[in-house]
Every structure is written in C-alpha cells, then in structure tokens.
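Take a look at the structure below.
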Amino acid sequence: MAWRALWRVGPVLVPRCPRLSPPALRVPAARRLATSSLVLSARKFTDKHEWISVENGIGTVGISNFAQEALGDVVYCSLPEIGTKLSKHEEFGALESVKAASELYSPLSGEVTEINAALADNPGLVNKSCYQDGWLIKMTVENPAELDELMNEDAYEKYIKSIED
Amino acid sequence: MSRGPVRVLRLGLRPYAEALRVQERCLRAARAARTGPGVPGVAGVPGPGPGESVVLSEPAEPVYVWGLRGAPEAEVAARLRARGAGLAAARRGGRITFHGPGQLLAFPVLDLRRRRLPLRGYVAALEALVLRLCRRLGLAAARALPPPFTGVWMGDSKLCAIGVHCGNHITSHGLALNCCTDLTWFDHIVPCGLEGKGVTSLSRELGRHVTVDHVLQPFLDSFQEVFDCTLVFSEDPGD
C-alpha cells in the first residue's frame, strides 16, 4: 500500500523493485558441530536482515541483499572497535545512506575480532557485494546455540516474501 | 491492515534539546505499540494508542548539529560557540547543519515495517512532502536532487535539509525547513558538507515574510497525503 502511495506522488525518486534476487554464491548447507567450535556453517539470517556465517569459531557479519537495496547507496559505515563485546540483538553500529542512519544489530553474542577496513574508503562495497567483500565485522561466537535461533536461507527468503506482501 | 492515526505534537518555539526529549518519548511509544496489547474495541490496532507520531517545533535558540559524520574540529567548534550557538551531535544521517528560530523542525516517528516502506523510499517521501508543500505555497520550481544532495532545493540553494535515523524500522529525526531563518548563521559552516552550495528560505524565495506558523497547516495537509494517514493532535507522546 505504501508503494502505491509513492506512485501517486509526482516527481519522486522511485525506488527499484524490492524483489530479492538470489545471492550469487550459495554456501553448502553442510554443518558440522565440533565440541566447542563450529567448523563451517551455512549463512544464517536475522529478522533485521543481518547475516552471519561461522568458520572455525569466528563469525563474519554483513547485511542481506534485501537490506542493501532498501537502504540505497551506503556512504558511511560506523563500526565498533576491535575487542567490543556484543550481546545478541545489541546495536553495534550504523550504516548511512541517503542522509539516513540505519542501526546494525548483532546476530549473536561475542567479541569483535576484526572490522572491514576496506569500507572506510569504499562503503559502496556493502551494496555491490553484500555477502562477500562488503562484510562488516568478524566476531567470536560465545554461545553456538544462538546460531540455531537464526533463519537459514530458505526461511529468510520466505520471511522476506511475507513482509513484502 | 488498519494502521491508526499519526499523533501530531506541535511544540511551538522550544529548544532543540527539548524537541529531542519529546521525540525520545514518541520512540518509546512506537516500540511499545508493536508489542503491547490491542486497543479494546478497535480491531487490528496493536498497542495502547497511536504508535506513530510527528513532532513539530521551531528551535528557540541557534544550534549547530552534526550526524554520524561532520563533527567540527575543536577550533571551528570554539568559533561557533563564540557566536552564541549551541553544538550537538545527533544519531542521524547527514553532516553539519544549523537549526534556529524561523525554521520548521519536523521529526516523523513512523513504523516503516508496518508501512512496508524501505528506508530510501521514506527519504523520498519526505522530499515529496516538502515539494507538495512548496507547490501549495507557490514555489513550483523547488526540486529534490539525488544523493549526495538529498534535500529540497531552489536552484543551487537548499531550502530544506533532511537527515533521518532508522532503528528497528522506526524513524526519527527528519527535516528542517527554512521559513524565515536568519540565513547568515549558515555562513559559518559548510552546510551538510556540500561546498559551493547556498541556502535559502521560503521568505527569501517568495519575497514575503513566511513564518513557521504559516506553513504548519499546509505541511500537515501534505503529510497526510504523502503518508496516507489521518492525524490526531495531542500534547502527550503516549509513552
């Protein structure tokens, strides 16, 4: 309904169609649980459109294609310092686009081990390569059980469709 | 899906910090409206009352405000203070700008998830709203420009600045429309970090004295049209 409202209004910057296009790279679904660390897990998603992919106990976090399309061109990434401890759902930074600051929320509890330095000079990577070069932070996984609470890719795609209708 | 009216809080002439405090209460109300119990007897409206609001004010004192970026260096900050202005950081997009008397400050606190509106669609809607208002006032030549020039312009001069925040799909901050602002305050900064651009006001463009009170009704009319809502006037943020 909001889309129709925008079409009625005159010279408006019309957003592109929000259909989710599938990510270019599909991570294999196999997941093996070691005693205290995850070897490789498939990408999981939050309902706030962040994704996390865990390898050898370290999670890489980014935003989904749906999110980067909704934001528009990212011009600035405000990310936490290495060593910051985050709880699941805690706000860890913001992305700025079209004069809008949009919060980022941590998918899991853990400690920030790395931030993507390439984003300082090239914040557009978040739009161009949201699942690869546009990753935001890496963090430890304090509680692997939290990963089970997140959506897998199929569930996330269904979730997107449900909120679009 | 029924959405309920948008609550309008007209604060009048108030310090910027006070408008922020009222906005914070509106944000609490918006979050509560998502999870709270329904309104008895009204189907499909979750929460104790209108979850969405728009806070309207006219900054009582001059203040320079920056967003995630654009914090002034210490020397610049000292000079701005020496001119009698306050300084503040706000968690919003956009760089440094000026707020003061003669300016309409509007903070829509809307739930973009309920509206199924992506963030850049929301910013486009704010621009559309101001363009409608300008047309109502006789300024058909006003236009919105694509990023990084988000905002509403008359030629090379910015009439209305936009800078928003979105957390959990709920918006805050918003826009600042120069009605009869003393534009010399902008001389001491590079507004929004855009070199070589000017600023203007409705009064300057229309050649007559246009106050914030003059534009309130046409602003609200345009708001209702663009956001497809009804309005309810209130003194209470509802938190």
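FYI, nothing fancy with the structure tokens labels: chains A, B, ... in order, residues from 1 per chain, ligands from 1 as they appear.
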
Considering only C-alpha atoms, return as an mmCIF file with N, CA and C atoms, in the first residue's frame whatever protein or nucleic-acid residues lie within 8 Å of Glu58 in chain B, sequence-local ones (same chain, fewer than 3 positions apart) excluded.
```cif
data_model
loop_
_atom_site.group_PDB
_atom_site.id
_atom_site.type_symbol
_atom_site.label_atom_id
_atom_site.label_comp_id
_atom_site.auth_asym_id
_atom_site.auth_seq_id
_atom_site.Cartn_x
_atom_site.Cartn_y
_atom_site.Cartn_z
ATOM 1 N N LEU B 11 4.984 21.545 19.248
ATOM 2 C CA LEU B 11 5.646 22.079 20.435
ATOM 3 C C LEU B 11 5.777 23.592 20.397
ATOM 4 N N GLY B 12 5.696 24.203 19.219
ATOM 5 C CA GLY B 12 5.928 25.647 19.116
ATOM 6 C C GLY B 12 7.409 25.939 19.288
ATOM 7 N N LEU B 13 7.700 27.129 19.802
ATOM 8 C CA LEU B 13 9.096 27.565 19.955
ATOM 9 C C LEU B 13 9.703 26.851 21.168
ATOM 10 N N ARG B 14 10.662 25.921 20.916
ATOM 11 C CA ARG B 14 11.244 25.155 22.020
ATOM 12 C C ARG B 14 12.714 24.912 21.727
ATOM 13 N N PRO B 15 13.547 24.812 22.745
ATOM 14 C CA PRO B 15 14.951 24.448 22.492
ATOM 15 C C PRO B 15 15.039 23.088 21.803
ATOM 16 N N GLY B 100 17.499 26.799 14.084
ATOM 17 C CA GLY B 100 17.277 28.006 14.879
ATOM 18 C C GLY B 100 15.895 28.583 14.626
ATOM 19 N N PRO B 101 15.613 29.733 15.226
ATOM 20 C CA PRO B 101 14.291 30.350 15.050
ATOM 21 C C PRO B 101 13.991 30.612 13.575
ATOM 22 N N GLY B 102 12.721 30.483 13.226
ATOM 23 C CA GLY B 102 12.327 30.711 11.833
ATOM 24 C C GLY B 102 12.371 29.443 10.998
ATOM 25 N N GLN B 103 12.696 28.328 11.644
ATOM 26 C CA GLN B 103 12.826 27.067 10.923
ATOM 27 C C GLN B 103 11.799 26.075 11.441
ATOM 28 N N LEU B 104 11.152 25.354 10.549
ATOM 29 C CA LEU B 104 10.248 24.281 10.967
ATOM 30 C C LEU B 104 11.050 22.989 11.073
ATOM 31 N N LEU B 105 11.078 22.436 12.285
ATOM 32 C CA LEU B 105 11.777 21.179 12.517
ATOM 33 C C LEU B 105 10.699 20.095 12.651
ATOM 34 N N VAL B 212 6.903 30.012 10.606
ATOM 35 C CA VAL B 212 6.667 28.590 10.819
ATOM 36 C C VAL B 212 5.167 28.334 10.983
#
```

Residues of chain B within 10 Å of chain A, counting only C-alpha atoms, as a PyMOL selection string: chain B and resi 1+67-69+91-95+112-129+131-132+143-151+161-174+192+225-228

For range 128-135 of chain A: contacts at 9 Å, only C-alpha atoms, fewer than 6 positions along chain excluded, given as an NGL selection string: :A and (23-25 or 51 or 60-65 or 68 or 115-116 or 118-119)

Every residue of range 76-221 of chain B that DSSP places in strand (DSSP E), as a PyMOL selection string: chain B and resi 86-89+97-99+103-109+143-144+152-154+157-167+170-178+198-199

For Leu150 in chain A: contacts at 8 Å, only C-alpha atoms, fewer than 4 positions along chain excluded, given as a PyMOL selection string: chain A and resi 44-46+107+146

Could you save those same residues with N, CA, C and O atoms as an mmCIF file, in the first residue's frame?
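Below is the file that was written, out-v2.cif:
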```
data_model
loop_
_atom_site.group_PDB
_atom_site.id
_atom_site.type_symbol
_atom_site.label_atom_id
_atom_site.label_comp_id
_atom_site.auth_asym_id
_atom_site.auth_seq_id
_atom_site.Cartn_x
_atom_site.Cartn_y
_atom_site.Cartn_z
ATOM 1 N N LYS A 44 23.374 -17.718 8.096
ATOM 2 C CA LYS A 44 22.096 -17.606 8.809
ATOM 3 C C LYS A 44 21.703 -16.148 8.847
ATOM 4 O O LYS A 44 22.561 -15.262 8.795
ATOM 5 N N PHE A 45 20.400 -15.903 8.978
ATOM 6 C CA PHE A 45 19.888 -14.538 8.877
ATOM 7 C C PHE A 45 19.064 -14.159 10.100
ATOM 8 O O PHE A 45 18.395 -14.997 10.707
ATOM 9 N N THR A 46 19.087 -12.852 10.411
ATOM 10 C CA THR A 46 18.219 -12.333 11.470
ATOM 11 C C THR A 46 17.008 -11.658 10.827
ATOM 12 O O THR A 46 17.025 -11.339 9.638
ATOM 13 N N PRO A 107 23.897 -10.315 15.504
ATOM 14 C CA PRO A 107 23.108 -11.553 15.409
ATOM 15 C C PRO A 107 23.354 -12.509 16.580
ATOM 16 O O PRO A 107 22.494 -13.346 16.881
ATOM 17 N N GLU A 146 22.979 -19.996 20.006
ATOM 18 C CA GLU A 146 22.250 -18.819 19.476
ATOM 19 C C GLU A 146 22.101 -18.902 17.959
ATOM 20 O O GLU A 146 21.155 -18.350 17.380
#
```

Long-range neighbours of Leu147 in chain A as a list of chain:residue names, 12 Å cut-off, only C-alpha atoms, 5 positions minimum in chain: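 Within the cut-off, the hits are A:Arg31, A:Leu33, A:Ser37, A:Leu38, A:Ser41, A:Ala42, A:Arg43, A:Lys44, A:Phe45, A:Thr46, A:Trp51, A:Ile52, A:Ser53, A:Val54, A:Gly57, A:Gly59, A:Lys88, A:Ser106, A:Pro107, A:Leu108, A:Ser109, A:Gly110, A:Val141, A:Glu142, A:Asn152.
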
Residue nearest Val232 in chain B - candidates B:Leu216, B:Val54, B:Leu133, B:Arg28, atoms counted: only C-alpha atoms: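 Ranked by minimum distance to Val232 in chain B, first place goes to B:Val54.
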